[in-house]
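One file, entry.csv, is given below (CSV, C-alpha atoms).
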```csv
chain,number,residue,atom,x,y,z
Q,1008,MET,CA,41.7,-82.5,20.8
Q,1009,LEU,CA,41.2,-81.5,17.2
Q,1010,PRO,CA,40.2,-84.9,15.7
Q,1011,SER,CA,42.5,-86.1,13.0
Q,1012,ASP,CA,39.4,-86.3,10.8
Q,1013,HIS,CA,39.1,-82.5,11.1
Q,1014,PHE,CA,42.7,-81.5,10.7
Q,1015,VAL,CA,42.1,-80.4,7.1
Q,1016,ARG,CA,39.3,-78.0,8.1
Q,1017,MET,CA,41.7,-76.3,10.5
Q,1018,TYR,CA,44.4,-76.4,7.8
Q,1019,ASN,CA,42.0,-74.5,5.6
Q,1020,GLU,CA,41.5,-71.8,8.2
Q,1021,MET,CA,45.3,-71.6,8.6
Q,1022,PHE,CA,45.7,-71.1,4.8
Q,1023,LYS,CA,43.2,-68.2,4.8
Q,1024,MET,CA,44.9,-66.5,7.7
Q,1025,LEU,CA,48.3,-66.8,6.0
Q,1026,LEU,CA,47.0,-65.6,2.7
Q,1027,GLU,CA,45.9,-62.4,4.5
Q,1028,LYS,CA,49.7,-61.9,5.1
Q,1029,GLY,CA,50.6,-62.9,1.5
Q,1030,GLU,CA,51.4,-65.9,-0.6
Q,1031,SER,CA,55.0,-66.2,0.6
Q,1032,SER,CA,53.7,-66.7,4.2
Q,1033,LEU,CA,51.6,-69.6,2.9
Q,1034,GLU,CA,54.6,-71.1,1.0
Q,1035,ASN,CA,56.8,-70.8,4.1
Q,1036,TYR,CA,54.2,-72.8,6.1
Q,1037,TRP,CA,54.1,-75.5,3.4
Q,1038,HIS,CA,57.9,-75.8,3.6
Q,1039,ALA,CA,57.6,-76.4,7.3
Q,1040,ILE,CA,55.0,-79.1,6.6
Q,1041,SER,CA,57.3,-80.5,3.9
Q,1042,ARG,CA,60.2,-80.9,6.4
Q,1043,LEU,CA,57.9,-83.0,8.7
Q,1044,GLN,CA,56.6,-85.0,5.8
Q,1045,GLU,CA,60.1,-85.7,4.5
Q,1046,THR,CA,60.8,-87.6,7.8
Q,1047,ILE,CA,57.9,-89.8,7.0
Q,1048,ILE,CA,58.0,-90.3,3.2
Q,1049,GLY,CA,61.8,-89.9,2.8
Q,1050,PRO,CA,62.7,-93.4,3.9
Q,1051,TYR,CA,60.3,-94.9,1.4
Q,1052,ILE,CA,61.9,-92.9,-1.5
Q,1053,ASP,CA,65.4,-93.6,-0.3
Q,1054,LYS,CA,64.7,-97.3,-0.2
Q,1055,ALA,CA,62.8,-97.9,-3.4
Q,1056,GLY,CA,62.4,-94.7,-5.5
Q,1057,LEU,CA,59.2,-94.6,-7.4
Q,1058,ALA,CA,58.1,-98.0,-6.0
Q,1059,GLY,CA,58.6,-96.5,-2.5
Q,1060,MET,CA,56.3,-93.6,-3.4
Q,1061,TYR,CA,53.7,-96.2,-4.6
Q,1062,GLU,CA,54.0,-98.0,-1.2
Q,1063,TYR,CA,53.7,-94.7,0.8
Q,1064,TRP,CA,50.7,-93.4,-1.2
Q,1065,GLU,CA,49.0,-96.8,-1.2
Q,1066,HIS,CA,49.1,-96.6,2.6
Q,1067,ILE,CA,47.7,-93.0,2.4
Q,1068,ARG,CA,44.9,-94.1,0.0
Q,1069,ILE,CA,43.7,-96.6,2.6
Q,1070,GLU,CA,44.2,-94.5,5.8
Q,1071,GLU,CA,42.8,-91.3,4.4
Q,1072,ASN,CA,39.9,-93.0,2.8
Q,1073,CYS,CA,40.8,-91.7,-0.7
Q,1074,ASP,CA,39.1,-92.9,-3.9
Q,1075,ALA,CA,42.3,-93.0,-5.9
Q,1076,THR,CA,44.0,-94.9,-8.6
Q,1077,LEU,CA,47.8,-95.6,-8.3
Q,1078,THR,CA,50.0,-96.4,-11.3
Q,1079,LEU,CA,53.7,-97.3,-11.4
Q,1080,THR,CA,55.6,-97.2,-14.7
Q,1081,ASP,CA,59.3,-97.2,-15.6
Q,1082,ASP,CA,59.1,-93.4,-16.1
Q,1083,TYR,CA,56.7,-92.2,-13.4
Q,1084,PHE,CA,54.5,-92.8,-10.4
Q,1085,GLU,CA,51.0,-91.6,-10.7
Q,1086,PHE,CA,48.4,-90.9,-8.0
Q,1087,ARG,CA,45.1,-90.1,-9.6
Q,1088,MET,CA,42.6,-88.8,-7.1
Q,1089,ASN,CA,39.1,-89.6,-8.2
Q,1090,ALA,CA,37.5,-88.2,-5.0
Q,1091,CYS,CA,39.7,-86.2,-2.7
Q,1092,PRO,CA,38.6,-86.5,1.0
Q,1093,SER,CA,40.6,-83.4,1.9
Q,1094,LEU,CA,39.0,-81.0,-0.5
Q,1095,GLY,CA,35.7,-82.9,0.0
Q,1096,LYS,CA,35.8,-82.0,3.7
Q,1097,VAL,CA,36.8,-78.4,3.1
Q,1098,LEU,CA,33.9,-78.0,0.7
Q,1099,ASN,CA,31.6,-79.7,3.2
Q,1100,ASN,CA,32.3,-77.1,5.8
Q,1101,ASP,CA,30.6,-74.3,7.6
Q,1102,ALA,CA,33.6,-72.1,7.0
Q,1103,LEU,CA,34.6,-70.9,3.5
Q,1104,PRO,CA,37.3,-72.7,1.5
Q,1105,CYS,CA,40.6,-71.0,0.9
Q,1106,ARG,CA,41.1,-70.1,-2.8
Q,1107,MET,CA,44.5,-71.8,-2.8
Q,1108,TYR,CA,43.5,-74.9,-0.8
Q,1109,CYS,CA,44.5,-77.4,-3.6
Q,1110,ASP,CA,48.0,-75.9,-3.9
Q,1111,HIS,CA,49.1,-77.2,-0.6
Q,1112,CYS,CA,49.8,-80.8,-1.8
Q,1113,ALA,CA,52.3,-79.6,-4.4
Q,1114,GLY,CA,53.5,-77.0,-1.9
Q,1115,TRP,CA,54.8,-79.7,0.5
Q,1116,ILE,CA,55.5,-82.5,-2.0
Q,1117,GLU,CA,57.6,-80.6,-4.5
Q,1118,PRO,CA,60.5,-79.6,-2.2
Q,1119,ILE,CA,60.9,-83.3,-1.2
Q,1120,MET,CA,60.9,-84.5,-4.8
Q,1121,LYS,CA,63.4,-81.8,-5.8
Q,1122,LYS,CA,65.7,-82.8,-2.9
Q,1123,LYS,CA,65.4,-86.5,-3.8
Q,1124,GLY,CA,66.2,-85.9,-7.5
Q,1125,TYR,CA,62.6,-86.4,-8.9
Q,1126,TYR,CA,60.3,-84.1,-10.8
Q,1127,LEU,CA,56.7,-83.4,-9.6
Q,1128,VAL,CA,53.9,-82.6,-12.0
Q,1129,TYR,CA,50.8,-81.7,-10.1
Q,1130,ASP,CA,47.6,-81.2,-12.1
Q,1131,ILE,CA,45.0,-79.6,-9.8
Q,1132,ILE,CA,42.5,-80.0,-12.7
Q,1133,SER,CA,39.9,-77.9,-10.8
Q,1134,ARG,CA,39.7,-76.0,-7.6
Q,1135,GLU,CA,36.0,-76.7,-7.1
Q,1136,LYS,CA,35.9,-80.5,-7.8
Q,1137,PRO,CA,37.8,-82.9,-5.5
Q,1138,GLN,CA,39.8,-84.5,-8.3
Q,1139,CYS,CA,43.5,-84.1,-9.2
Q,1140,ASN,CA,46.4,-86.0,-10.7
Q,1141,MET,CA,50.0,-86.2,-9.5
Q,1142,ARG,CA,52.9,-87.7,-11.4
Q,1143,VAL,CA,56.4,-87.9,-10.2
Q,1144,TYR,CA,59.0,-88.4,-13.0
Q,1145,LYS,CA,62.6,-89.6,-12.9
Q,1146,ASP,CA,63.4,-87.6,-16.1
Q,1147,ARG,CA,63.1,-83.8,-16.3
Q,1148,GLY,CA,62.3,-83.7,-20.0
Q,1149,LYS,CA,59.4,-86.1,-19.7
Q,1150,ALA,CA,58.1,-84.2,-16.7
Q,1151,LYS,CA,58.3,-81.0,-18.6
Q,1152,ASP,CA,56.5,-82.5,-21.6
Q,1153,TYR,CA,53.6,-83.8,-19.3
Q,1154,ALA,CA,53.5,-80.4,-17.4
Q,1155,GLY,CA,52.8,-78.7,-20.7
Q,1156,ARG,CA,49.8,-80.9,-21.3
Q,1157,VAL,CA,47.9,-80.8,-17.9
Q,1158,LYS,CA,44.8,-78.7,-17.2
Q,1159,LEU,CA,45.8,-76.7,-14.2
Q,1160,LEU,CA,49.5,-77.0,-13.2
Q,1161,ALA,CA,50.2,-76.2,-9.5
Q,1162,LYS,CA,52.3,-73.1,-9.0
Q,1163,SER,CA,55.0,-75.0,-7.2
Q,1164,CYS,CA,55.7,-77.0,-10.4
Q,1165,ALA,CA,55.7,-74.0,-12.8
Q,1166,TRP,CA,59.5,-73.8,-12.9
Q,1167,LEU,CA,59.5,-77.1,-14.9
Q,1168,LEU,CA,58.1,-75.1,-17.9
Q,1169,GLU,CA,60.9,-72.5,-17.7
Q,1170,ALA,CA,64.2,-72.9,-19.6
S,1206,MET,CA,26.2,-83.7,14.7
S,1207,ARG,CA,27.4,-81.7,11.8
S,1208,TYR,CA,30.6,-83.7,10.9
S,1209,ARG,CA,30.3,-87.5,11.6
S,1210,GLU,CA,33.2,-89.1,10.0
S,1211,ASN,CA,33.8,-92.8,9.5
S,1212,GLY,CA,36.2,-95.2,7.8
S,1213,GLU,CA,39.9,-95.3,8.5
S,1214,VAL,CA,41.7,-92.8,10.8
S,1215,HIS,CA,44.9,-91.1,9.7
S,1216,LYS,CA,46.5,-90.2,13.1
S,1217,ASP,CA,49.5,-88.7,11.5
S,1218,PHE,CA,47.4,-85.6,11.1
S,1219,HIS,CA,48.2,-85.1,14.8
S,1220,LEU,CA,51.8,-84.7,13.8
S,1221,THR,CA,50.9,-82.0,11.3
S,1222,THR,CA,48.8,-80.3,14.0
S,1223,ASP,CA,51.8,-80.3,16.3
S,1224,THR,CA,54.1,-79.0,13.5
S,1225,THR,CA,51.5,-76.3,12.8
S,1226,ILE,CA,51.3,-75.2,16.4
S,1227,ARG,CA,55.1,-75.0,16.9
S,1228,TRP,CA,55.6,-73.2,13.5
S,1229,VAL,CA,52.9,-70.6,14.3
S,1230,LEU,CA,54.3,-69.9,17.8
S,1231,ASP,CA,57.8,-69.5,16.4
S,1232,THR,CA,56.8,-67.4,13.4
S,1233,TYR,CA,53.8,-65.4,14.4
S,1234,GLY,CA,53.3,-65.9,18.2
S,1235,GLU,CA,50.5,-66.7,20.6
S,1236,GLU,CA,47.9,-64.3,19.3
S,1237,PHE,CA,47.9,-65.8,15.8
S,1238,LEU,CA,47.6,-69.3,17.3
S,1239,ALA,CA,44.6,-68.2,19.5
S,1240,GLU,CA,42.9,-66.7,16.4
S,1241,LEU,CA,43.5,-69.9,14.4
S,1242,PHE,CA,41.8,-72.0,17.0
S,1243,LYS,CA,39.1,-69.4,17.6
S,1244,ARG,CA,38.2,-69.5,13.9
S,1245,THR,CA,38.3,-73.3,13.9
S,1246,ALA,CA,36.0,-73.5,17.0
S,1247,GLN,CA,33.6,-70.8,16.0
S,1248,ASN,CA,33.5,-71.0,12.2
S,1249,VAL,CA,34.3,-74.6,11.3
S,1250,TYR,CA,32.3,-75.9,14.2
S,1251,ALA,CA,29.6,-73.2,13.7
S,1252,ASP,CA,26.9,-75.7,14.6
S,1253,ILE,CA,28.5,-76.5,18.0
S,1254,TYR,CA,29.1,-72.8,18.7
S,1255,THR,CA,25.6,-71.8,17.7
S,1256,HIS,CA,24.1,-74.4,20.0
S,1257,LEU,CA,26.4,-73.3,22.9
S,1258,LYS,CA,25.3,-69.7,22.4
S,1259,ALA,CA,21.7,-70.8,22.6
S,1260,GLY,CA,22.6,-72.5,25.9
S,1261,ASP,CA,22.8,-76.1,24.6
S,1262,ALA,CA,26.0,-78.0,25.1
S,1263,SER,CA,24.7,-81.3,23.8
S,1264,GLU,CA,26.4,-80.9,20.3
S,1265,LEU,CA,29.8,-80.3,21.9
S,1266,ILE,CA,29.4,-83.2,24.3
S,1267,GLU,CA,28.4,-85.6,21.5
S,1268,HIS,CA,31.3,-84.4,19.3
S,1269,MET,CA,33.8,-84.9,22.1
S,1270,LYS,CA,32.5,-88.4,23.0
S,1271,TYR,CA,32.3,-89.5,19.4
S,1272,PHE,CA,35.8,-88.5,18.3
S,1273,LEU,CA,37.5,-89.6,21.5
S,1274,GLU,CA,35.9,-93.0,21.1
S,1275,ARG,CA,36.6,-93.1,17.3
S,1276,GLU,CA,40.3,-92.5,17.9
S,1277,GLY,CA,40.5,-95.0,20.8
S,1278,GLY,CA,40.9,-92.6,23.7
S,1279,THR,CA,40.5,-93.6,27.4
S,1280,PHE,CA,38.1,-91.3,29.2
S,1281,SER,CA,35.1,-91.0,31.4
S,1282,VAL,CA,32.3,-88.6,31.5
S,1283,SER,CA,30.3,-87.6,34.6
S,1284,GLU,CA,27.4,-85.2,34.6
S,1285,ASP,CA,25.4,-83.6,37.3
S,1286,ARG,CA,23.1,-80.6,37.6
S,1287,GLU,CA,26.0,-78.1,37.6
S,1288,ARG,CA,28.6,-79.5,35.3
S,1289,VAL,CA,29.8,-82.0,32.7
S,1290,ARG,CA,33.2,-83.4,33.4
S,1291,PHE,CA,35.4,-85.2,30.8
S,1292,GLN,CA,38.3,-87.0,32.5
S,1293,ILE,CA,40.7,-88.0,29.7
S,1294,THR,CA,43.4,-90.3,30.9
S,1295,ASP,CA,44.8,-91.3,27.5
S,1296,CYS,CA,44.3,-88.7,24.8
S,1297,PRO,CA,44.7,-90.4,21.4
S,1298,ALA,CA,46.2,-87.3,19.8
S,1299,ALA,CA,48.8,-86.8,22.6
S,1300,ARG,CA,49.5,-90.5,22.7
S,1301,HIS,CA,50.3,-90.5,18.9
S,1302,ILE,CA,52.8,-87.6,19.5
S,1303,LYS,CA,54.4,-89.4,22.4
S,1304,GLN,CA,54.8,-92.6,20.4
S,1305,ARG,CA,56.4,-90.7,17.6
S,1306,TYR,CA,58.6,-88.3,19.5
S,1307,GLY,CA,59.0,-89.8,22.9
S,1308,ASN,CA,57.4,-86.8,24.6
S,1309,VAL,CA,54.6,-84.4,24.1
S,1310,PRO,CA,55.4,-80.7,23.8
S,1311,GLU,CA,53.4,-78.5,26.2
S,1312,SER,CA,52.3,-76.4,23.3
S,1313,PHE,CA,50.5,-79.4,21.8
S,1314,HIS,CA,47.7,-79.0,24.4
S,1315,GLN,CA,47.0,-75.4,23.2
S,1316,GLN,CA,44.7,-76.8,20.5
S,1317,THR,CA,42.3,-78.0,23.3
S,1318,ILE,CA,42.8,-75.1,25.6
S,1319,LEU,CA,42.3,-72.5,22.9
S,1320,MET,CA,39.2,-74.2,21.3
S,1321,ASN,CA,37.6,-74.6,24.7
S,1322,LYS,CA,38.2,-70.9,25.4
S,1323,ALA,CA,36.8,-69.9,22.1
S,1324,TRP,CA,33.7,-72.1,22.7
S,1325,SER,CA,33.2,-70.3,26.0
S,1326,GLU,CA,33.3,-66.9,24.4
S,1327,ASP,CA,29.9,-65.1,24.4
S,1328,THR,CA,28.1,-68.3,25.5
S,1329,PRO,CA,26.5,-69.2,28.8
S,1330,PHE,CA,29.3,-71.8,29.4
S,1331,ASP,CA,32.7,-71.7,31.0
S,1332,ILE,CA,34.7,-74.6,29.5
S,1333,SER,CA,37.9,-75.2,31.4
S,1334,THR,CA,40.9,-77.4,30.4
S,1335,ASP,CA,43.2,-78.7,33.1
S,1336,VAL,CA,46.1,-80.5,31.5
S,1337,ARG,CA,47.3,-83.5,33.6
S,1338,GLY,CA,50.5,-85.0,32.5
S,1339,GLU,CA,51.5,-85.6,28.8
S,1340,CYS,CA,48.4,-87.5,27.7
S,1341,GLY,CA,45.7,-86.5,30.1
S,1342,CYS,CA,43.4,-83.6,30.9
S,1343,VAL,CA,40.1,-82.7,32.6
S,1344,ILE,CA,37.6,-80.7,30.7
S,1345,GLU,CA,34.7,-79.2,32.6
S,1346,LEU,CA,31.7,-77.4,31.2
S,1347,ARG,CA,29.7,-75.3,33.6
S,1348,ARG,CA,27.1,-72.7,33.2
S,1349,LYS,CA,28.7,-69.3,33.9
S,1350,SER,CA,26.3,-68.5,36.7
S,1351,ASP,CA,27.3,-71.9,38.3
S,1352,ALA,CA,31.0,-71.3,37.7
S,1353,ALA,CA,30.8,-68.0,39.6
S,1354,LYS,CA,29.4,-69.7,42.7
```
Would you put the structure from the file into structure tokens?
Amino acid sequence: MLPSDHFVRMYNEMFKMLLEKGESSLENYWHAISRLQETIIGPYIDKAGLAGMYEYWEHIRIEENCDATLTLTDDYFEFRMNACPSLGKVLNNDALPCRMYCDHCAGWIEPIMKKKGYYLVYDIISREKPQCNMRVYKDRGKAKDYAGRVKLLAKSCAWLLEA
Amino acid sequence: MRYRENGEVHKDFHLTTDTTIRWVLDTYGEEFLAELFKRTAQNVYADIYTHLKAGDASELIEHMKYFLEREGGTFSVSEDRERVRFQITDCPAARHIKQRYGNVPESFHQQTILMNKAWSEDTPFDISTDVRGECGCVIELRRKSDAAK
């Protein structure tokens, strides 16, 4: 049994192997993970929109031992990761981190939000520090405005800045 | 032990492991899956693997006991001069899959089979995995000279 605590270190190995085949292989895998995650988070969003996201990620904050701050406004839901246990474990690892490790969150979340009619802005901030910030907006214009002001926008959200 | 986690346990990661195994088998096949768990066993768990290569299975045994207990598995361990035997009657990972999907795909057990195989490679140990039903298995560690008897 791979302990659930250690899934992310296997995940990191998976990312490195897929990157050897090209970024599109990695993105295809994130889409497969996204389809699984949609079965879990989808009902929360369908039931309560941004408030449903707050409820889901509050459960994640506790269960995944995240040091995170959650905010809900009329415009967006925000999950600010002060200390990410996922990247933390990947950095505390005898194997090397994947250079695109942090992109996986936006990689699986963005397709779900797009399908549900929301706009994800994922600020990776830094690939070396286990901190990031995620906002999900109802309004595309407000999402685009925020996306233009973040430090390191995840590639999956870059389309927001186009057009 | 290199990685001693504490706090809450997010068992849905077992769902993600299951999705990963099935996606890899469908997309890239058995060889890719074997390489993934080989890298996990030998590179991520480098400390366990280094000890095994040096003839010391204690790190692996401690790791298995710790995480089976932490996730609430039902198992017993018996040791004698020739072998260490884990009899797992309720694997917490498989149990979580069964609770979610109603059954456990055979491929889910590949994570255990392939990591044990990778930990056996170029070490003095033969680590076998005998899957017993959806949520059980027997894992035996023997020294290769004993396994040959």
Give me, as JSON lines, each residue of chain S that comes within 6 Å of chain Q, together with its shortest interatomic pair and the distance in Å at one decimal, counting only C-alpha atoms, with rows ordered by chain and rising residue number.
```
{"residue": "S:Glu1213", "atom": "CA", "partner": "Q:Glu1070", "partner_atom": "CA", "distance": 5.1}
{"residue": "S:Val1214", "atom": "CA", "partner": "Q:Glu1070", "partner_atom": "CA", "distance": 5.8}
{"residue": "S:His1215", "atom": "CA", "partner": "Q:Glu1070", "partner_atom": "CA", "distance": 5.2}
{"residue": "S:Lys1216", "atom": "CA", "partner": "Q:Ser1011", "partner_atom": "CA", "distance": 5.7}
{"residue": "S:Phe1218", "atom": "CA", "partner": "Q:Ser1011", "partner_atom": "CA", "distance": 5.3}
{"residue": "S:Thr1245", "atom": "CA", "partner": "Q:Met1017", "partner_atom": "CA", "distance": 5.7}
{"residue": "S:Asn1248", "atom": "CA", "partner": "Q:Ala1102", "partner_atom": "CA", "distance": 5.3}
{"residue": "S:Val1249", "atom": "CA", "partner": "Q:Ala1102", "partner_atom": "CA", "distance": 5.0}
{"residue": "S:Thr1317", "atom": "CA", "partner": "Q:Met1008", "partner_atom": "CA", "distance": 5.2}
```
| task | State, in Å with one decimal place, the distance from atom CA of S:Asp1261 to atom CA of S:Gln1247. | result |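 Separation of atom CA of S:Asp1261 and atom CA of S:Gln1247: 14.8 Å.
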| said: Taking 4 positions as the minimum chain separation for residues in the same chain, which residues sit within 7 Å of stretch 1116-1122 of chain Q when counting all atoms listed in the file? Answer as a PyMOL selection string. | reply: chain Q and resi 1041+1045+1112+1126-1127+1163
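For the pair atom CA of Q:Ala1090 and atom CA of Q:Asp1152, the separation is 25.9 Å.
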| request: Could you tell me which of S:Ile1253, S:Ala1262, S:Val1229, S:Leu1319 comes closest to Q:Leu1033 if we count all atoms listed in the file? | output: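 With all atoms listed in the file as the atom set, the closest residue is S:Val1229.
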| request: Choose the residue, out of S:Leu1220, S:Leu1346, S:Ile1302, S:Ala1323, that has the smallest atom-to-atom separation from S:Asp1285; count only C-alpha atoms. | output: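 Using only C-alpha atoms, the shortest distance to S:Asp1285 belongs to S:Leu1346.
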| request: Excluding S:Gly1277 and residues on its chain fewer than 3 positions from it, collect all residues at most 8 Å away from it, counting all atoms listed in the file, and give them as a ChimeraX atom specification. | output: /S:1273-1274,1297
Can you write out the residues you just picked, keeping C-alpha atoms, as an mmCIF file, keeping the file's coordinate frame?
```cif
data_model
loop_
_atom_site.group_PDB
_atom_site.id
_atom_site.type_symbol
_atom_site.label_atom_id
_atom_site.label_comp_id
_atom_site.auth_asym_id
_atom_site.auth_seq_id
_atom_site.Cartn_x
_atom_site.Cartn_y
_atom_site.Cartn_z
ATOM 1 C CA LEU S 1273 37.500 -89.600 21.500
ATOM 2 C CA GLU S 1274 35.900 -93.000 21.100
ATOM 3 C CA PRO S 1297 44.700 -90.400 21.400
#
```
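Proximity of S:Ile1344, S:Glu1235, S:Ala1298, S:Asp1335 to S:Glu1284, computed with only C-alpha atoms, is greatest for S:Ile1344.
A straight line drawn from atom CA of S:Ser1281 to atom CA of S:Gln1316 is 20.3 Å long.
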| query | With distances taken over only C-alpha atoms, which of Q:Trp1166, Q:Tyr1144, Q:Phe1084, Q:Tyr1153 is nearest to Q:Tyr1125? | reply | Q:Tyr1144
| task | Pick out the closest residue to S:Asp1252 from this set: S:Trp1324, S:His1314, S:Asp1295, S:Val1289. Count all atoms listed in the file. | result |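 For S:Asp1252, the nearest of the given residues is S:Trp1324.
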